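Text of target.cif, listed as mmCIF, C-alpha atoms:
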data_start
#
loop_
_atom_site.label_atom_id
_atom_site.label_comp_id
_atom_site.auth_asym_id
_atom_site.auth_seq_id
_atom_site.Cartn_x
_atom_site.Cartn_y
_atom_site.Cartn_z
CA GLU A 1 37.15 165.80 86.53
CA ILE A 2 40.53 165.36 88.25
CA PRO A 3 40.43 163.12 91.35
CA ARG A 4 41.99 164.69 94.43
CA VAL A 5 44.67 163.00 96.50
CA THR A 6 43.54 162.87 100.12
CA GLY A 7 45.46 162.02 103.25
CA VAL A 8 48.88 162.90 101.82
CA GLN A 9 51.55 162.22 104.41
CA THR A 10 53.83 165.23 104.64
CA CYS A 11 57.43 165.27 105.82
CA ALA A 12 57.27 167.15 109.11
CA LEU A 13 60.58 168.78 109.98
CA PRO A 14 61.47 166.48 112.92
CA ILE A 15 61.46 163.39 110.69
CA CYS A 16 63.40 164.92 107.80
CA GLY A 17 66.82 163.35 107.83
CA ARG A 18 68.92 161.40 105.42
CA MET A 19 69.09 157.69 106.08
CA GLY A 20 72.40 156.14 105.15
CA ASP A 21 72.62 152.67 103.66
CA THR A 22 73.37 149.99 106.18
CA GLU A 23 76.21 147.56 105.50
CA GLU A 24 73.62 144.84 104.86
CA GLU A 25 71.84 146.99 102.25
CA GLU A 26 75.14 147.80 100.53
CA THR A 27 75.90 144.09 99.97
CA GLU A 28 72.31 143.10 99.24
CA LYS A 29 71.72 141.87 95.70
CA PRO A 30 69.11 143.82 93.71
CA TRP A 31 65.75 142.15 93.40
CA LYS A 32 64.70 141.38 89.85
CA ALA A 33 60.94 141.61 89.98
CA THR A 34 58.88 139.79 87.38
CA GLU A 35 55.64 140.90 85.75
CA ASP A 36 53.85 138.52 88.13
CA ASP A 37 55.42 140.37 91.07
CA VAL A 38 54.12 143.65 89.67
CA SER A 39 50.67 142.19 89.14
CA ASP A 40 50.63 140.96 92.74
CA ALA A 41 51.52 144.47 93.96
CA LEU A 42 48.56 146.09 92.22
CA SER A 43 45.44 147.02 94.19
CA GLY A 44 42.68 149.60 94.37
CA LEU A 45 39.97 148.80 91.85
CA ALA A 46 38.43 151.78 90.08
CA LYS A 47 36.60 152.51 86.86
CA THR A 48 38.52 153.52 83.76
CA GLN A 49 38.12 157.09 82.50
CA ASP A 50 35.49 156.03 79.98
CA GLY A 51 33.65 154.01 82.64
CA THR A 52 33.54 150.84 80.56
CA SER A 53 35.68 148.63 82.81
CA VAL A 54 37.53 148.46 86.11
CA VAL A 55 41.30 148.43 86.63
CA TYR A 56 43.84 148.39 89.45
CA THR A 57 45.07 151.90 90.17
CA THR A 58 47.62 151.51 92.99
CA LEU A 59 51.07 149.96 92.63
CA SER A 60 52.92 149.51 95.91
CA MET A 61 56.44 148.07 95.75
CA PRO A 62 58.39 149.62 98.65
CA GLY A 63 61.76 148.04 99.31
CA ALA A 64 62.27 145.50 102.05
CA ASP A 65 65.08 143.17 103.07
CA GLY A 66 65.95 141.01 100.09
CA ARG A 67 63.41 142.79 97.88
CA ARG A 68 64.96 146.07 96.76
CA LEU A 69 64.61 147.00 93.11
CA ALA A 70 67.55 148.55 91.26
CA SER A 71 65.54 149.41 88.15
CA PHE A 72 61.96 150.24 87.28
CA ASN A 73 61.30 149.12 83.74
CA PHE A 74 58.09 147.21 83.19
CA ALA A 75 55.65 146.84 80.33
CA LEU A 76 53.37 149.82 79.77
CA THR A 77 50.34 147.54 79.92
CA LEU A 78 51.09 147.01 83.63
CA LEU A 79 51.49 150.71 84.39
CA GLU A 80 49.12 152.67 82.17
CA HIS A 81 46.21 152.75 84.65
CA VAL A 82 48.27 153.36 87.81
CA ARG A 83 47.29 156.51 89.71
CA HIS A 84 49.24 155.95 92.94
CA LEU A 85 52.82 154.63 92.88
CA ASP A 86 54.97 153.73 95.91
CA ILE A 87 58.51 152.61 95.07
CA SER A 88 60.19 154.01 98.18
CA ASN A 89 63.22 152.50 99.92
CA ASN A 90 64.55 150.55 96.97
CA LYS A 91 68.01 150.90 95.44
CA PHE A 92 67.29 152.71 92.17
CA ILE A 93 70.47 153.82 90.49
CA SER A 94 69.06 153.83 86.96
CA GLU A 95 66.67 156.33 85.40
CA ILE A 96 63.03 155.98 86.46
CA SER A 97 61.71 159.05 84.62
CA GLU A 98 60.87 157.25 81.38
CA SER A 99 58.70 154.63 83.05
CA VAL A 100 57.02 157.13 85.35
CA GLY A 101 56.41 159.45 82.41
CA GLN A 102 54.35 156.74 80.71
CA MET A 103 51.92 156.69 83.63
CA GLU A 104 49.74 159.46 82.26
CA LEU A 105 47.05 159.10 84.95
CA LEU A 106 49.47 159.27 87.89
CA LEU A 107 48.20 161.27 90.87
CA SER A 108 50.84 160.50 93.50
CA LEU A 109 54.45 159.33 93.43
CA LYS A 110 56.38 158.16 96.46
CA ALA A 111 60.00 157.33 95.61
CA SER A 112 61.84 158.41 98.76
CA GLY A 113 64.87 156.57 100.12
CA ASN A 114 66.48 155.60 96.82
CA ARG A 115 69.58 156.75 94.92
CA ILE A 116 67.82 158.74 92.22
CA ALA A 117 70.15 161.38 90.77
CA SER A 118 67.81 162.96 88.22
CA PHE A 119 64.12 163.19 87.46
CA ASP A 120 63.02 164.58 84.12
CA VAL A 121 59.64 163.96 82.50
CA PRO A 122 59.70 166.02 79.27
CA ASN A 123 56.01 165.62 78.49
CA GLY A 124 54.90 166.30 82.05
CA LEU A 125 52.21 164.59 84.11
CA ALA A 126 48.87 166.32 83.70
CA PHE A 127 47.17 164.89 86.81
CA LEU A 128 50.09 164.59 89.24
CA GLN A 129 49.36 166.15 92.65
CA SER A 130 51.88 164.69 95.10
CA VAL A 131 55.60 163.89 94.74
CA ASP A 132 57.94 162.57 97.43
CA LEU A 133 61.53 162.24 96.22
CA SER A 134 63.13 162.86 99.60
CA ASN A 135 66.32 161.11 100.67
CA ASN A 136 67.79 160.61 97.20
CA GLN A 137 70.77 162.06 95.32
CA LEU A 138 69.10 164.73 93.19
CA GLY A 139 71.56 167.44 92.17
CA ALA A 140 69.07 169.87 90.61
CA TRP A 141 65.34 170.29 90.17
CA ASP A 142 64.11 171.75 86.91
CA ALA A 143 60.61 172.60 85.83
CA LEU A 144 58.19 169.67 86.07
CA GLU A 145 55.11 170.20 83.95
CA ALA A 146 52.49 169.22 86.50
CA PRO A 147 49.83 171.95 86.66
CA HIS A 148 47.96 170.32 89.57
CA LEU A 149 51.01 169.54 91.75
CA ARG A 150 50.20 170.42 95.37
CA TYR A 151 52.84 168.61 97.42
CA LEU A 152 56.57 168.40 96.63
CA ASN A 153 59.02 166.84 99.08
CA LEU A 154 62.69 167.09 98.08
CA CYS A 155 64.17 166.93 101.59
CA ASP A 156 67.57 165.30 102.07
CA ASN A 157 69.03 165.45 98.58
CA GLU A 158 72.08 167.17 97.09
CA LEU A 159 70.23 169.99 95.33
CA THR A 160 72.23 173.01 94.24
CA ALA A 161 69.36 174.75 92.46
CA VAL A 162 65.57 174.55 92.21
CA ARG A 163 64.01 176.04 89.09
CA GLY A 164 60.65 176.25 87.38
CA LEU A 165 58.32 176.20 90.37
CA GLU A 166 56.29 178.99 88.82
CA GLN A 167 54.81 176.34 86.51
CA ASN A 168 53.25 174.56 89.49
CA THR A 169 50.52 177.10 90.12
CA GLU A 170 48.64 174.94 92.66
CA LEU A 171 51.67 174.08 94.82
CA GLN A 172 50.83 174.27 98.53
CA THR A 173 53.63 172.35 100.28
CA LEU A 174 57.31 172.63 99.33
CA LEU A 175 59.90 170.81 101.47
CA LEU A 176 63.58 171.44 100.68
CA ALA A 177 65.27 170.85 104.04
CA ASN A 178 68.74 169.35 104.43
CA GLN A 179 70.47 169.71 101.08
CA SER A 180 74.05 168.55 101.46
CA LYS A 181 76.79 166.47 99.91
CA THR A 182 79.40 164.44 101.75
CA GLU A 183 82.92 164.18 100.38
CA GLY A 184 85.23 162.15 102.54
CA GLU A 185 84.51 163.23 106.09
CA GLU A 186 83.28 166.68 105.09
CA MET A 187 79.64 167.64 104.62
CA THR A 188 78.88 170.65 102.43
CA LYS A 189 75.55 172.47 102.21
CA THR A 190 74.60 172.60 98.56
CA LEU A 191 71.42 174.60 97.86
CA THR A 192 72.37 178.05 96.57
CA SER A 193 69.30 179.18 94.63
CA CYS A 194 65.57 178.55 94.51
CA ASP A 195 63.45 180.34 91.94
CA GLY A 196 59.67 180.65 91.85
CA LEU A 197 58.88 180.99 95.55
CA GLY A 198 56.47 183.83 94.88
CA LEU A 199 53.57 181.41 94.44
CA THR A 200 50.55 182.72 96.33
CA THR A 201 49.28 179.18 96.84
CA LEU A 202 52.17 178.10 99.12
CA ARG A 203 51.06 177.24 102.65
CA GLU A 204 54.07 175.28 103.93
CA LEU A 205 57.71 175.92 103.03
CA SER A 206 60.80 174.32 104.53
CA LEU A 207 64.27 175.65 103.64
CA THR A 208 66.14 174.74 106.82
CA ASP A 209 69.83 173.85 106.73
CA ARG A 210 70.49 175.57 103.44
CA LYS A 211 72.84 178.28 102.23
CA SER A 212 70.60 179.76 99.57
CA THR A 213 71.89 183.04 98.20
CA ARG A 214 68.97 183.70 95.85
CA LEU A 215 65.27 183.04 96.45
#
As structure tokens - that is how I would like this structure written.
Amino acid sequence: EIPRVTGVQTCALPICGRMGDTEEEETEKPWKATEDDVSDALSGLAKTQDGTSVVYTTLSMPGADGRRLASFNFALTLLEHVRHLDISNNKFISEISESVGQMELLLSLKASGNRIASFDVPNGLAFLQSVDLSNNQLGAWDALEAPHLRYLNLCDNELTAVRGLEQNTELQTLLLANQSKTEGEEMTKTLTSCDGLGLTTLRELSLTDRKSTRL
């Protein structure tokens, strides 16, 4: 039986908006977290799938002043039982997909407010239900094999195209507001196409501030 994510916080339109890095954040040195730091950030005891033991299932490492991660590369033994991951408001500039892809039991991912430019998990995430990658630097969104995905927030990125949504047959909330790229002093709207919006399960859709020519 697949556990359901409850109480997912959605990105209501009034609070969608890209947050620029402050001068202090730009000069802040990346935080190099240790395995002990990761262990300290684990919580939420629950039984393993086979019911023989209990493990921590929530990893919460949101960025804060002086504690912003630039990479997410920890031993699989620390991540394999994680179901809920919050790594928002860090400074990720390196690929996080490989580490996240190893978290086979992941139900929810919150990685908003970073500098993530791509997200590709070739083997998919069988249990994933909620993804928040808003306020990053994603240039495109391709099919994510996540058959139980219900919530996808990609607000405030640089998306030019969104593809493969037809694979997410349980998707209920899709947020794509504010896709733009700034070059010099000029801001350009970027989203030109979004395929797979014919899903009958969709209940909430945001496409504001876009110049899509194909839906």
When the PyMOL selection byres ((chain A and resi 102) around 8) is applied to the structure above, which residues does it catch, written out as number ranges by chain? A: 76, 79-80, 98-101, 103-104
Evaluating the PyMOL selection byres ((chain A and resi 123-136) around 7) on the displayed file yields which residues, as an MDAnalysis selection string? chainID A and resid 2 5 18:19 101 104:117 121:122 137:138 144:157
Would you list the contacts of region 39-54 of chain A as number ranges by chain, taking every protein, DNA or RNA residue within 9 Å and counting only C-alpha atoms, but skipping same-chain residues closer than 5 positions in sequence? A: 34, 59-61, 78, 81-82
Can you write out the residues you just picked, keeping C-alpha atoms, as a PDB file, keeping the file's coordinate frame?
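Ended up saving to part31.pdb:
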ATOM      1  CA  THR A  34      58.880 139.790  87.380  1.00  0.00           C
ATOM      2  CA  LEU A  59      51.070 149.960  92.630  1.00  0.00           C
ATOM      3  CA  SER A  60      52.920 149.510  95.910  1.00  0.00           C
ATOM      4  CA  MET A  61      56.440 148.070  95.750  1.00  0.00           C
ATOM      5  CA  LEU A  78      51.090 147.010  83.630  1.00  0.00           C
ATOM      6  CA  HIS A  81      46.210 152.750  84.650  1.00  0.00           C
ATOM      7  CA  VAL A  82      48.270 153.360  87.810  1.00  0.00           C
TER       8      VAL A  82
END
Around all the atoms of region 118-136 of chain A listed in the file, draw an axis-aligned box and extend it by 6 Å on each of the six sides; I want its centre and edge lengths in Å to one decimal, as AutoDock Vina command-line options.
--center_x 57.5 --center_y 163.5 --center_z 89.6 --size_x 32.6 --size_y 17.7 --size_z 34.2
Would you write out, as a list in words, every residue that the PyMOL selection byres ((chain A and resi 200) around 9) captures in this file?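 Residues picked by the PyMOL selection byres ((chain A and resi 200) around 9): Thr169, Glu170, Leu171, Gln172, Leu197, Gly198, Leu199, Thr201, Leu202 and Arg203 of chain A.
Of the residues under consideration (A:Ser97, A:Thr77, A:Thr190, A:Ser88), A:Thr190 shows the shortest atom-to-atom contact distance to Leu176 (chain A) when counting only C-alpha atoms.
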Using only C-alpha atoms, can you tell me which of A:Leu205, A:Ala33, A:Leu175, A:Val55 comes closest to Arg67 (chain A)? A:Ala33
